[in-house]
file target_13.tsv (TSV, C-alpha atoms)
chain	number	residue	atom	x	y	z
A	1	MET	CA	131.68	98.42	119.40
A	2	GLU	CA	129.00	96.38	117.71
A	3	LYS	CA	130.00	94.00	114.99
A	4	ILE	CA	128.27	91.84	112.49
A	5	PRO	CA	129.20	88.18	113.08
A	6	ILE	CA	130.86	86.31	110.23
A	7	LEU	CA	130.27	82.55	110.34
A	8	ARG	CA	132.39	79.99	108.59
A	9	MET	CA	130.69	77.12	106.85
A	10	GLY	CA	133.15	74.87	105.05
A	11	ASP	CA	134.53	76.80	102.13
A	12	PHE	CA	132.12	79.63	102.58
A	13	LEU	CA	131.57	82.58	104.87
A	14	LEU	CA	128.09	83.45	106.02
A	15	VAL	CA	127.08	86.98	106.98
A	16	THR	CA	123.59	87.72	108.24
A	17	ILE	CA	122.71	91.36	108.62
A	18	GLN	CA	120.00	91.62	111.24
A	19	VAL	CA	120.33	95.18	112.43
A	20	ASP	CA	119.94	98.48	110.65
A	21	MET	CA	123.17	99.17	108.83
A	22	HIS	CA	124.81	102.43	109.60
A	23	ASP	CA	127.87	103.70	107.83
A	24	ARG	CA	130.45	102.76	110.44
A	25	LEU	CA	129.00	99.26	110.82
A	26	ALA	CA	129.26	98.78	107.06
A	27	MET	CA	132.88	99.93	107.06
A	28	THR	CA	133.69	97.54	109.90
A	29	LEU	CA	132.00	94.69	108.08
A	30	GLN	CA	133.98	95.40	104.93
A	31	GLU	CA	137.23	95.31	106.86
A	32	ASP	CA	136.39	92.21	108.93
A	33	LEU	CA	135.15	90.32	105.92
A	34	THR	CA	138.21	90.95	103.76
A	35	ASN	CA	140.44	89.91	106.65
A	36	ARG	CA	138.46	86.73	107.22
A	37	ILE	CA	138.53	85.82	103.53
A	38	SER	CA	142.30	86.03	103.37
A	39	GLU	CA	142.72	84.21	106.73
A	40	THR	CA	140.44	81.30	105.88
A	41	GLY	CA	140.94	81.16	102.15
A	42	ALA	CA	137.18	81.07	101.70
A	43	ARG	CA	135.88	80.50	98.18
A	44	GLY	CA	132.51	82.14	98.64
A	45	VAL	CA	130.67	84.73	100.71
A	46	LEU	CA	126.94	84.71	101.30
A	47	ILE	CA	125.37	87.91	102.60
A	48	ASP	CA	121.82	87.53	103.85
A	49	ILE	CA	120.02	90.88	103.93
A	50	SER	CA	116.47	89.59	104.38
A	51	SER	CA	116.05	91.54	107.63
A	52	LEU	CA	117.44	94.74	106.15
A	53	GLU	CA	114.62	97.19	105.58
A	54	ILE	CA	116.37	100.49	105.05
A	55	VAL	CA	119.17	101.17	102.60
A	56	ASP	CA	120.79	104.30	101.30
A	57	SER	CA	123.23	104.86	98.49
A	58	PHE	CA	126.18	104.34	100.85
A	59	ILE	CA	125.05	100.88	101.95
A	60	GLY	CA	124.29	100.03	98.34
A	61	ARG	CA	127.80	101.02	97.33
A	62	MET	CA	129.26	99.04	100.23
A	63	LEU	CA	127.55	95.89	99.00
A	64	GLY	CA	129.02	96.45	95.56
A	65	ASN	CA	132.45	97.14	97.06
A	66	ILE	CA	132.39	94.04	99.26
A	67	ALA	CA	131.58	91.91	96.21
A	68	ALA	CA	134.36	93.48	94.18
A	69	MET	CA	136.92	93.05	96.98
A	70	SER	CA	135.95	89.42	97.51
A	71	ARG	CA	136.40	88.78	93.82
A	72	VAL	CA	139.91	90.19	94.00
A	73	LEU	CA	140.54	87.76	96.88
A	74	ASP	CA	139.13	84.95	94.72
A	75	ALA	CA	135.83	84.49	96.53
A	76	GLN	CA	132.37	84.68	94.99
A	77	THR	CA	129.77	86.87	96.67
A	78	VAL	CA	126.04	86.20	96.64
A	79	VAL	CA	123.56	88.65	98.16
A	80	VAL	CA	120.34	86.90	99.17
A	81	GLY	CA	116.87	87.77	100.39
A	82	MET	CA	116.64	91.39	99.35
A	83	GLN	CA	113.24	92.86	100.26
A	84	PRO	CA	111.12	94.36	97.48
A	85	ALA	CA	111.20	97.82	99.06
A	86	VAL	CA	114.98	97.68	99.28
A	87	ALA	CA	115.28	96.55	95.65
A	88	ILE	CA	113.01	99.38	94.49
A	89	THR	CA	114.96	101.92	96.52
A	90	LEU	CA	118.30	100.79	95.07
A	91	VAL	CA	116.92	100.92	91.53
A	92	GLU	CA	115.50	104.38	92.11
A	93	LEU	CA	118.90	105.46	93.41
A	94	GLY	CA	120.33	104.25	90.11
A	95	MET	CA	122.33	101.41	91.69
A	96	SER	CA	121.85	98.16	89.85
A	97	LEU	CA	124.77	96.45	91.67
A	98	GLN	CA	126.24	95.18	88.44
A	99	GLY	CA	128.57	92.28	89.13
A	100	VAL	CA	126.90	91.26	92.37
A	101	ARG	CA	125.20	87.88	92.24
A	102	THR	CA	121.82	87.62	93.87
A	103	ALA	CA	119.50	84.82	94.99
A	104	LEU	CA	116.06	84.58	96.48
A	105	ASN	CA	117.01	82.91	99.76
A	106	VAL	CA	119.91	81.32	101.61
A	107	ASP	CA	119.15	77.94	100.06
A	108	ALA	CA	119.31	79.21	96.51
A	109	GLY	CA	122.34	81.33	97.36
A	110	MET	CA	124.28	78.36	98.76
A	111	GLU	CA	123.45	76.32	95.72
A	112	ALA	CA	124.67	79.08	93.43
A	113	LEU	CA	127.92	79.35	95.37
A	114	ARG	CA	128.53	75.58	95.28
A	115	GLU	CA	127.85	75.46	91.56
A	116	SER	CA	130.27	78.23	90.74
A	117	VAL	CA	133.00	76.82	93.02
A	118	ASP	CA	132.53	73.30	91.62
A	119	GLY	CA	132.61	74.74	88.13
A	120	GLN	CA	135.91	76.40	88.85
A	121	ARG	CA	137.37	73.22	90.34
A	122	ALA	CA	136.34	71.17	87.35
A	123	MET	CA	138.32	73.45	85.08
B	1	MET	CA	85.09	137.50	93.99
B	2	SER	CA	84.79	140.80	95.80
B	3	ARG	CA	82.07	143.03	94.44
B	4	THR	CA	81.46	146.67	95.18
B	5	LEU	CA	78.05	147.18	93.75
B	6	GLN	CA	75.41	149.54	94.92
B	7	ASN	CA	73.57	148.09	97.84
B	8	SER	CA	70.31	149.71	96.82
B	9	ASP	CA	70.32	147.56	93.66
B	10	ALA	CA	70.67	144.44	95.73
B	11	ALA	CA	67.92	145.51	98.09
B	12	ARG	CA	65.61	146.19	95.13
B	13	LEU	CA	66.45	142.81	93.66
B	14	ALA	CA	65.52	141.12	96.94
B	15	GLU	CA	62.27	143.04	97.02
B	16	VAL	CA	61.43	142.09	93.42
B	17	ILE	CA	62.13	138.41	94.07
B	18	THR	CA	59.97	138.47	97.20
B	19	SER	CA	57.00	140.12	95.58
B	20	HIS	CA	57.12	138.23	92.28
B	21	GLU	CA	58.35	134.84	93.40
B	22	ALA	CA	55.45	132.88	91.90
B	23	PRO	CA	55.53	134.37	88.35
B	24	ILE	CA	59.34	134.15	88.19
B	25	LEU	CA	59.19	130.52	89.20
B	26	GLU	CA	56.54	129.68	86.60
B	27	ASP	CA	58.37	131.51	83.79
B	28	TRP	CA	61.65	129.98	84.78
B	29	ILE	CA	60.36	126.41	84.73
B	30	LYS	CA	58.63	127.08	81.41
B	31	GLU	CA	61.87	128.55	80.06
B	32	MET	CA	63.84	125.47	81.09
B	33	SER	CA	61.35	123.00	79.68
B	34	GLY	CA	61.74	124.81	76.34
B	35	THR	CA	65.52	124.56	76.26
B	36	THR	CA	67.60	122.29	78.39
B	37	ARG	CA	65.10	120.37	80.43
B	38	ARG	CA	66.06	116.68	80.67
B	39	VAL	CA	62.76	114.87	81.13
B	40	ASP	CA	64.59	111.57	81.31
B	41	LEU	CA	66.83	112.59	84.18
B	42	ILE	CA	64.80	114.79	86.51
B	43	LYS	CA	61.19	114.83	87.66
B	44	ASP	CA	58.92	117.88	87.49
B	45	THR	CA	58.37	118.01	91.22
B	46	GLU	CA	62.05	117.68	91.95
B	47	LEU	CA	62.94	120.49	89.56
B	48	ARG	CA	60.25	122.70	91.06
B	49	THR	CA	61.56	122.07	94.58
B	50	GLN	CA	65.08	122.92	93.46
B	51	CYS	CA	63.93	126.13	91.74
B	52	THR	CA	61.89	127.27	94.73
B	53	GLN	CA	64.80	126.59	97.02
B	54	PHE	CA	67.16	128.49	94.71
B	55	LEU	CA	64.92	131.58	94.59
B	56	ARG	CA	64.51	131.55	98.37
B	57	LEU	CA	68.26	131.34	98.92
B	58	LEU	CA	68.91	133.98	96.25
B	59	ARG	CA	66.55	136.30	98.07
B	60	GLN	CA	68.31	135.65	101.35
B	61	GLY	CA	71.62	136.44	99.69
B	62	THR	CA	70.46	139.69	98.16
B	63	GLU	CA	68.74	140.74	101.36
B	64	SER	CA	72.08	140.75	103.11
B	65	ALA	CA	73.00	143.59	100.72
B	66	ASN	CA	76.49	142.17	100.68
B	67	LEU	CA	77.53	141.23	97.18
B	68	ASP	CA	80.72	139.47	98.11
B	69	MET	CA	80.10	135.89	96.98
B	70	ASP	CA	82.55	134.48	99.52
B	71	SER	CA	80.75	136.01	102.48
B	72	ALA	CA	78.63	134.09	104.93
B	73	ALA	CA	75.34	135.39	103.50
B	74	TRP	CA	75.97	133.50	100.27
B	75	LYS	CA	77.14	130.32	101.89
B	76	PRO	CA	73.75	128.55	101.88
B	77	ILE	CA	73.18	129.14	98.17
B	78	ARG	CA	76.70	128.08	97.30
B	79	GLU	CA	76.27	124.87	99.25
B	80	PHE	CA	72.90	124.30	97.63
B	81	LEU	CA	74.27	124.83	94.12
B	82	GLY	CA	77.26	122.66	94.97
B	83	ASP	CA	74.95	119.78	95.90
B	84	ILE	CA	72.85	120.19	92.76
B	85	SER	CA	75.94	120.37	90.58
B	86	ARG	CA	77.52	117.30	92.13
B	87	SER	CA	74.39	115.20	91.82
B	88	ARG	CA	73.87	116.32	88.21
B	89	ALA	CA	77.46	115.53	87.30
B	90	ARG	CA	76.88	111.99	88.54
B	91	GLU	CA	73.50	111.62	86.88
B	92	GLY	CA	74.88	112.45	83.46
B	93	PHE	CA	73.85	116.05	82.79
B	94	THR	CA	76.17	117.95	80.44
B	95	PRO	CA	78.05	120.96	81.80
B	96	THR	CA	75.88	123.27	79.68
B	97	GLU	CA	72.69	121.80	81.06
B	98	THR	CA	73.97	122.13	84.59
B	99	ALA	CA	75.09	125.75	84.23
B	100	THR	CA	71.95	126.71	82.29
B	101	PHE	CA	69.89	125.76	85.30
B	102	VAL	CA	71.24	128.94	86.91
B	103	PHE	CA	71.55	131.09	83.80
B	104	SER	CA	68.01	130.49	82.64
B	105	VAL	CA	66.62	132.38	85.64
B	106	LYS	CA	67.83	135.59	83.99
B	107	LYS	CA	65.05	135.89	81.45
B	108	PRO	CA	62.07	135.74	83.83
B	109	LEU	CA	63.91	137.89	86.35
B	110	PHE	CA	64.80	140.54	83.74
B	111	THR	CA	61.23	140.57	82.42
B	112	ILE	CA	59.91	141.43	85.86
B	113	LEU	CA	62.61	144.05	86.37
B	114	ARG	CA	61.71	145.68	83.04
B	115	GLU	CA	58.07	145.80	84.01
B	116	ARG	CA	58.94	147.46	87.29
B	117	LEU	CA	61.50	149.97	86.04
B	118	GLY	CA	60.34	150.37	82.44
B	119	THR	CA	60.73	154.13	82.15
B	120	ASP	CA	63.84	154.65	84.24
B	121	ALA	CA	66.58	153.56	81.84
B	122	ASN	CA	69.45	154.32	84.23
B	123	ALA	CA	67.99	152.42	87.12
B	124	LEU	CA	67.12	149.50	84.87
B	125	ALA	CA	70.61	149.31	83.43
B	126	SER	CA	72.27	149.35	86.81
B	127	GLU	CA	69.78	146.84	88.22
B	128	LEU	CA	70.31	144.49	85.28
B	129	TRP	CA	74.03	144.74	85.70
B	130	THR	CA	73.83	143.79	89.37
B	131	ALA	CA	71.56	140.85	88.62
B	132	THR	CA	73.73	139.66	85.72
B	133	GLU	CA	76.88	139.73	87.75
B	134	LEU	CA	75.20	137.89	90.56
B	135	ILE	CA	73.72	135.15	88.43
B	136	ASP	CA	76.91	134.79	86.37
B	137	ALA	CA	78.95	134.29	89.51
B	138	LEU	CA	76.51	131.64	90.73
B	139	GLY	CA	76.47	129.95	87.31
B	140	LEU	CA	80.24	129.87	87.10
B	141	TYR	CA	80.43	128.43	90.58
B	142	THR	CA	78.05	125.69	89.50
B	143	ALA	CA	80.18	124.90	86.47
B	144	GLU	CA	83.30	124.81	88.60
B	145	VAL	CA	81.80	122.35	91.08
B	146	TYR	CA	80.58	120.25	88.16
B	147	LEU	CA	84.10	120.07	86.77
B	148	THR	CA	85.68	119.24	90.13
B	149	THR	CA	83.18	116.44	90.62
B	150	ARG	CA	83.93	115.01	87.20
B	151	THR	CA	87.67	115.20	87.83
B	152	ASP	CA	87.15	113.32	91.10
B	153	ILE	CA	85.16	110.63	89.31
B	154	ILE	CA	87.86	110.24	86.66
B	155	ARG	CA	90.59	110.01	89.27
B	156	ARG	CA	88.73	107.37	91.22
B	157	GLN	CA	88.18	105.33	88.09
B	158	GLN	CA	91.86	105.60	87.23
B	159	GLU	CA	92.78	104.26	90.65
B	160	GLU	CA	90.36	101.38	90.25
B	161	MET	CA	91.77	100.53	86.83
B	162	LEU	CA	95.27	100.60	88.25
B	163	GLU	CA	94.34	97.96	90.78
B	164	LEU	CA	92.56	95.84	88.22
B	165	SER	CA	95.28	95.89	85.66
B	166	THR	CA	98.18	94.15	87.36
B	167	PRO	CA	97.52	90.45	87.83
B	168	VAL	CA	100.49	88.22	88.55
B	169	VAL	CA	99.98	84.71	87.23
B	170	LYS	CA	101.81	81.65	88.47
B	171	LEU	CA	102.68	79.51	85.45
B	172	TRP	CA	104.68	76.80	87.17
B	173	ASN	CA	106.49	76.21	90.41
B	174	GLY	CA	108.99	79.03	90.49
B	175	ILE	CA	107.78	80.75	87.31
B	176	LEU	CA	105.61	83.87	87.37
B	177	ALA	CA	104.06	85.77	84.48
B	178	LEU	CA	102.91	89.38	84.49
B	179	PRO	CA	100.87	90.32	81.44
B	180	ILE	CA	100.80	94.10	81.07
B	181	ILE	CA	97.90	95.60	79.15
B	182	GLY	CA	97.74	99.31	78.34
B	183	THR	CA	100.22	102.14	78.51
B	184	LEU	CA	102.87	102.08	81.20
B	185	ASP	CA	103.28	105.38	83.02
B	186	SER	CA	105.42	106.08	86.08
B	187	GLU	CA	102.62	105.54	88.55
B	188	ARG	CA	101.56	102.27	87.00
B	189	THR	CA	105.12	101.01	86.76
B	190	GLN	CA	105.47	101.61	90.47
B	191	VAL	CA	102.42	99.45	91.16
B	192	VAL	CA	103.53	96.77	88.67
B	193	MET	CA	106.98	96.66	90.21
B	194	GLU	CA	105.68	96.36	93.76
B	195	VAL	CA	103.13	93.71	92.88
B	196	LEU	CA	105.68	91.65	90.97
B	197	LEU	CA	108.38	91.85	93.63
B	198	GLU	CA	105.93	90.96	96.40
B	199	ALA	CA	104.78	87.97	94.37
B	200	ILE	CA	108.38	86.86	93.79
B	201	VAL	CA	109.01	86.82	97.54
B	202	LYS	CA	105.72	85.14	98.32
B	203	THR	CA	105.97	82.34	95.75
B	204	ASN	CA	109.74	82.01	95.91
B	205	SER	CA	109.95	82.27	92.14
B	206	LYS	CA	113.22	82.18	90.25
B	207	VAL	CA	111.93	83.46	86.94
B	208	ALA	CA	109.45	86.20	86.15
B	209	ILE	CA	108.10	86.79	82.65
B	210	ILE	CA	106.85	90.27	81.81
B	211	ASP	CA	104.58	90.02	78.79
B	212	ILE	CA	104.14	93.29	76.89
B	213	THR	CA	101.89	92.04	74.09
B	214	GLY	CA	99.19	94.39	75.37
B	215	VAL	CA	101.38	97.48	75.54
B	216	PRO	CA	100.52	99.62	72.51
B	217	THR	CA	103.74	101.65	72.27
B	218	VAL	CA	107.13	101.59	73.88
B	219	ASP	CA	108.97	104.88	74.20
B	220	THR	CA	112.15	105.65	76.09
B	221	LEU	CA	110.23	106.24	79.30
B	222	VAL	CA	108.37	102.94	79.14
B	223	ALA	CA	111.60	101.12	78.32
B	224	GLN	CA	113.28	102.77	81.29
B	225	HIS	CA	110.43	101.67	83.54
B	226	LEU	CA	110.74	98.11	82.25
B	227	LEU	CA	114.48	98.11	82.83
B	228	LYS	CA	113.96	99.33	86.39
B	229	THR	CA	111.57	96.49	87.09
B	230	VAL	CA	113.97	93.95	85.62
B	231	THR	CA	116.88	95.34	87.65
B	232	ALA	CA	114.85	95.31	90.87
B	233	ALA	CA	113.86	91.69	90.28
B	234	ARG	CA	117.48	90.78	89.61
B	235	LEU	CA	118.56	92.42	92.86
B	236	MET	CA	116.18	90.13	94.66
B	237	GLY	CA	117.65	87.13	92.93
B	238	ALA	CA	115.05	86.46	90.26
B	239	ASP	CA	115.56	86.40	86.51
B	240	CYS	CA	113.30	88.52	84.34
B	241	ILE	CA	112.33	87.74	80.76
B	242	ILE	CA	110.46	90.24	78.61
B	243	SER	CA	108.14	88.61	76.12
B	244	GLY	CA	105.57	89.67	73.56
B	245	VAL	CA	107.82	92.15	71.75
B	246	ARG	CA	106.02	92.97	68.51
B	247	PRO	CA	107.99	93.76	65.34
B	248	GLN	CA	107.02	97.46	65.41
B	249	ILE	CA	108.14	97.71	69.02
B	250	ALA	CA	111.44	96.01	68.23
B	251	GLN	CA	111.95	98.61	65.47
B	252	THR	CA	111.07	101.49	67.76
B	253	ILE	CA	113.41	100.24	70.47
B	254	VAL	CA	116.35	100.06	68.08
B	255	HIS	CA	115.53	103.41	66.44
B	256	LEU	CA	115.35	105.09	69.83
B	257	GLY	CA	118.72	103.60	70.75
B	258	ILE	CA	117.41	101.90	73.89
B	259	ASN	CA	119.85	99.39	75.30
B	260	LEU	CA	118.05	96.18	76.17
B	261	LEU	CA	121.16	94.04	75.85
B	262	ASP	CA	121.21	93.09	79.53
B	263	VAL	CA	117.64	91.87	79.38
B	264	THR	CA	116.47	88.61	77.88
B	265	THR	CA	113.69	89.28	75.38
B	266	LYS	CA	111.51	86.80	73.55
B	267	ALA	CA	108.94	87.27	70.82
B	268	THR	CA	106.19	85.23	72.42
B	269	LEU	CA	105.13	84.17	75.87
B	270	SER	CA	105.55	80.51	74.95
B	271	ASP	CA	109.20	81.03	73.97
B	272	ALA	CA	109.76	82.83	77.24
B	273	PHE	CA	108.05	80.02	79.14
B	274	ALA	CA	110.22	77.40	77.45
B	275	LEU	CA	113.33	79.34	78.45
B	276	ALA	CA	112.02	79.76	81.99
B	277	LEU	CA	111.47	76.00	82.30
B	278	GLN	CA	114.98	75.40	81.08
B	279	ARG	CA	116.44	77.88	83.55
B	280	THR	CA	114.60	76.41	86.50
B	281	GLY	CA	115.81	72.98	85.41
B	282	ILE	CA	112.39	71.58	84.61
B	283	SER	CA	112.07	69.44	81.52
B	284	LEU	CA	108.89	68.23	79.93
B	285	ASP	CA	109.00	65.11	77.80
B	286	SER	CA	106.39	64.88	75.10
B	287	ASN	CA	104.13	62.47	76.99
B	288	THR	CA	103.84	64.53	80.13
B	289	ALA	CA	103.61	67.70	78.02
B	290	LYS	CA	100.66	66.23	76.22
B	291	ALA	CA	99.05	65.20	79.45
B	292	LYS	CA	99.53	68.61	81.02
B	293	GLY	CA	98.69	70.53	77.90
B	294	ALA	CA	95.46	68.67	77.21

call {"tool": "encode", "arguments": {"input": "target_13.tsv", "output": "C-alpha cells"}}
result
Amino acid sequence: MEKIPILRMGDFLLVTIQVDMHDRLAMTLQEDLTNRISETGARGVLIDISSLEIVDSFIGRMLGNIAAMSRVLDAQTVVVGMQPAVAITLVELGMSLQGVRTALNVDAGMEALRESVDGQRAM
Amino acid sequence: MSRTLQNSDAARLAEVITSHEAPILEDWIKEMSGTTRRVDLIKDTELRTQCTQFLRLLRQGTESANLDMDSAAWKPIREFLGDISRSRAREGFTPTETATFVFSVKKPLFTILRERLGTDANALASELWTATELIDALGLYTAEVYLTTRTDIIRRQQEEMLELSTPVVKLWNGILALPIIGTLDSERTQVVMEVLLEAIVKTNSKVAIIDITGVPTVDTLVAQHLLKTVTAARLMGADCIISGVRPQIAQTIVHLGINLLDVTTKATLSDAFALALQRTGISLDSNTAKAKGA
C-alpha cells in the first residue's frame, strides 16, 4: 500500500505530499502522523502541499483534523505552499481551515514553527 | 415566423417590384433623406447600392412565393440585412435609424400598389397586408441583429475593463498592494482573487494590502467576496490587510451586521503599509525614510 513518507528533522516532522491525495491515503497519513508524533515527541509538523493540485472537501477536512490532533499531542502544524487554485477551491467550499497555520513556503513555515516552539520554551 | 398568406399576393408584389424598381428606389431614397438619413455617417452612393441590393433580394424572396421568413428563399436578404445592421450598430446609427431603413420602403411601395390596384379595394387591402407583414418582419429582424451586435460590443468592453482593472502593485519586498476601483461583482472578485494569489506566489509576498478607496459601496455580497479573498490568501500563508475604508462604508458594514473581526482593516493605505512593514520585520529610520521617500 502506498504511503506518504514522514521525515524527522530535529524537533519537527516534515511531510511532503507529492501525489494526488485520495481518501484512503489521507486516512493513512492521519494515522501514521499521529503515531509518529507520540513516538518521537515532535513539537511541530510541517505539511508541504505545494505539489497538490486537486482538493475536495474531504482532503480539506483532513488537513484541519490533522492540525487539531497534533495540537492535542502538543505539536504545532503549519501547512505551506498552497496553490492559488487550491486556496480558491477550499474557500468556495466554505472551508477556511480556522486554526491551521499557513506559510508561503517551507522556509517561512520552518521559521514560524521555530518561533512558536522557542516562544513556548521561553515561558 | 411561419406565414400562411396568399401566394398570389406575393407573386403580385414580386411583379410590382420588378416593373417599378426604378421609381420605388428614387422615392425611397428621397423619403429617407427627408427623415432619418445620416449624411455624416453614410455616403449617397453607398446608400443607393444598399437600397438597390435590398429591392433585388426582396424581389427574389417574394418570387419564391414562400412567405416563411426562415426558409431558404429569404436567407440572402436576412444575411444582407444582418450585415447592414451590424455595420450600422458599429458606426453609431440609432436603433430607430437602422430599423427605419427597412420601414421607409413601405411608403413608395404602397404608393405604387395603390396606383396599380386603385379601384379594387379588396385586392389592395390584402396586398397591403402581405407587404406590411413582410416588411415588418424584415424590419424587426434588423432591429434584433442591431441589438445583438450592441450586446456583443458591451460584453467585449466589459471583458476588456475586467482585465484592465486589476493591477497588483509591489510596494516593498514581500508587500503587495491591490487597489480596487469600481464595484466588485462575483465575476470580478474571481479575477481579483486569482490575480492576487498568483502574484503572492510569484513574488513570495507575506503581506497583501487590498485598498478599497475606489469601491463606491460595500454591501453584504461585496463584503463576502472580500472575506473570501482574504481567507484564500491566508490559506496560502499570506496576511491580508484591507485599507481605504471610508466612514460611510464603515457605517454600512456595521449596520449590515457584517463580521470583519477576523480581518485587519485600516483607514488609509499608508497606515496599512506601516503595519505591513512592521509585520515583515522591516523598520525605516527617519533618515532612510527621507531618502526613500524623496

call {"tool": "residues_around", "arguments": {"input": "target_13.tsv", "residues": "range 49-61 of chain A", "least_positions_apart": "6", "cutoff": "6 Å", "atoms": "all atoms listed in the file", "output": "mmCIF file with C-alpha atoms, in the coordinates of the input"}}
result
data_model
loop_
_atom_site.group_PDB
_atom_site.id
_atom_site.type_symbol
_atom_site.label_atom_id
_atom_site.label_comp_id
_atom_site.auth_asym_id
_atom_site.auth_seq_id
_atom_site.Cartn_x
_atom_site.Cartn_y
_atom_site.Cartn_z
ATOM 1 C CA ILE A 17 122.710 91.360 108.620
ATOM 2 C CA GLN A 18 120.000 91.620 111.240
ATOM 3 C CA GLY A 81 116.870 87.770 100.390
ATOM 4 C CA MET A 82 116.640 91.390 99.350
#

call {"tool": "residues_near_point", "arguments": {"input": "target_13.tsv", "point": "(115.4, 84.6, 98.1)", "cutoff": "10 Å", "atoms": "only C-alpha atoms", "output": "PyMOL selection string"}}
result
(chain A and resi 48-50+79-83+102-109) or (chain B and resi 200-206+235-238)

call {"tool": "interface_residues", "arguments": {"input": "target_13.tsv", "of": "chain B", "to": "chain A", "cutoff": "12 Å", "atoms": "all atoms listed in the file", "output": "short mmCIF file (atom, residue, chain, number, x, y, z; two decimals) with C-alpha atoms, in the frame of the given file"}}
result
data_model
loop_
_atom_site.label_atom_id
_atom_site.label_comp_id
_atom_site.auth_asym_id
_atom_site.auth_seq_id
_atom_site.Cartn_x
_atom_site.Cartn_y
_atom_site.Cartn_z
CA GLY B 174 108.99 79.03 90.49
CA SER B 186 105.42 106.08 86.08
CA THR B 189 105.12 101.01 86.76
CA GLN B 190 105.47 101.61 90.47
CA VAL B 191 102.42 99.45 91.16
CA VAL B 192 103.53 96.77 88.67
CA MET B 193 106.98 96.66 90.21
CA GLU B 194 105.68 96.36 93.76
CA VAL B 195 103.13 93.71 92.88
CA LEU B 196 105.68 91.65 90.97
CA LEU B 197 108.38 91.85 93.63
CA GLU B 198 105.93 90.96 96.40
CA ALA B 199 104.78 87.97 94.37
CA ILE B 200 108.38 86.86 93.79
CA VAL B 201 109.01 86.82 97.54
CA LYS B 202 105.72 85.14 98.32
CA THR B 203 105.97 82.34 95.75
CA ASN B 204 109.74 82.01 95.91
CA SER B 205 109.95 82.27 92.14
CA LYS B 206 113.22 82.18 90.25
CA VAL B 207 111.93 83.46 86.94
CA GLN B 224 113.28 102.77 81.29
CA HIS B 225 110.43 101.67 83.54
CA LEU B 226 110.74 98.11 82.25
CA LEU B 227 114.48 98.11 82.83
CA LYS B 228 113.96 99.33 86.39
CA THR B 229 111.57 96.49 87.09
CA VAL B 230 113.97 93.95 85.62
CA THR B 231 116.88 95.34 87.65
CA ALA B 232 114.85 95.31 90.87
CA ALA B 233 113.86 91.69 90.28
CA ARG B 234 117.48 90.78 89.61
CA LEU B 235 118.56 92.42 92.86
CA MET B 236 116.18 90.13 94.66
CA GLY B 237 117.65 87.13 92.93
CA ALA B 238 115.05 86.46 90.26
CA ASP B 239 115.56 86.40 86.51
CA ASP B 262 121.21 93.09 79.53
CA THR B 280 114.60 76.41 86.50
#

call {"tool": "closest_residue", "arguments": {"input": "target_13.tsv", "among": "A:Thr16, A:Leu33, A:Leu93, A:Pro5", "to": "Ser70 in chain A", "atoms": "only C-alpha atoms"}}
result
A:Leu33

call {"tool": "atom_distance", "arguments": {"input": "target_13.tsv", "atom1": "CA of Glu63 in chain B", "atom2": "CA of Ser85 in chain B"}}
result
24.1 Å

call {"tool": "atom_distance", "arguments": {"input": "target_13.tsv", "atom1": "CA of Ile42 in chain B", "atom2": "CA of Thr148 in chain B"}}
result
21.7 Å

call {"tool": "atom_distance", "arguments": {"input": "target_13.tsv", "atom1": "CA of Phe93 in chain B", "atom2": "CA of Tyr146 in chain B"}}
result
9.6 Å

call {"tool": "closest_residue", "arguments": {"input": "target_13.tsv", "among": "A:Gln120, A:Asn65, A:Gln76, A:Gln30", "to": "Arg43 in chain A", "atoms": "all atoms listed in the file"}}
result
A:Gln76

call {"tool": "residues_around", "arguments": {"input": "target_13.tsv", "residues": "range 135-144 of chain B", "least_positions_apart": "3", "cutoff": "12 Å", "atoms": "only C-alpha atoms", "output": "JSON, numbers by chain"}}
result
{"B": [1, 2, 3, 13, 54, 55, 57, 58, 61, 62, 67, 68, 69, 70, 74, 75, 76, 77, 78, 79, 80, 81, 82, 83, 84, 85, 86, 87, 88, 89, 93, 94, 95, 96, 97, 98, 99, 100, 101, 102, 103, 104, 105, 106, 107, 109, 110, 128, 129, 130, 131, 132, 147, 148, 149, 150, 151]}

call {"tool": "build_atoms", "arguments": {"input": "target_13.tsv", "residues": "range 144-152 of chain B", "atoms": "N, CA and C atoms", "output": "PDB file, in the coordinates of the input"}}
result
ATOM      1  N   GLU B 144      82.033 125.195  87.985  1.00  0.00           N
ATOM      2  CA  GLU B 144      83.300 124.810  88.600  1.00  0.00           C
ATOM      3  C   GLU B 144      83.124 123.541  89.445  1.00  0.00           C
ATOM      4  N   VAL B 145      82.048 123.532  90.245  1.00  0.00           N
ATOM      5  CA  VAL B 145      81.800 122.350  91.080  1.00  0.00           C
ATOM      6  C   VAL B 145      81.572 121.126  90.199  1.00  0.00           C
ATOM      7  N   TYR B 146      80.845 121.349  89.094  1.00  0.00           N
ATOM      8  CA  TYR B 146      80.580 120.250  88.160  1.00  0.00           C
ATOM      9  C   TYR B 146      81.897 119.631  87.691  1.00  0.00           C
ATOM     10  N   LEU B 147      82.811 120.526  87.301  1.00  0.00           N
ATOM     11  CA  LEU B 147      84.100 120.070  86.770  1.00  0.00           C
ATOM     12  C   LEU B 147      84.914 119.329  87.833  1.00  0.00           C
ATOM     13  N   THR B 148      84.931 119.891  89.043  1.00  0.00           N
ATOM     14  CA  THR B 148      85.680 119.240  90.130  1.00  0.00           C
ATOM     15  C   THR B 148      85.129 117.844  90.374  1.00  0.00           C
ATOM     16  N   THR B 149      83.790 117.746  90.373  1.00  0.00           N
ATOM     17  CA  THR B 149      83.180 116.440  90.620  1.00  0.00           C
ATOM     18  C   THR B 149      83.600 115.450  89.546  1.00  0.00           C
ATOM     19  N   ARG B 150      83.554 115.915  88.280  1.00  0.00           N
ATOM     20  CA  ARG B 150      83.930 115.010  87.200  1.00  0.00           C
ATOM     21  C   ARG B 150      85.387 114.572  87.318  1.00  0.00           C
ATOM     22  N   THR B 151      86.248 115.537  87.670  1.00  0.00           N
ATOM     23  CA  THR B 151      87.670 115.200  87.830  1.00  0.00           C
ATOM     24  C   THR B 151      87.830 114.137  88.914  1.00  0.00           C
ATOM     25  N   ASP B 152      87.084 114.306  90.011  1.00  0.00           N
ATOM     26  CA  ASP B 152      87.150 113.320  91.100  1.00  0.00           C
ATOM     27  C   ASP B 152      86.747 111.943  90.598  1.00  0.00           C
TER      28      ASP B 152
END
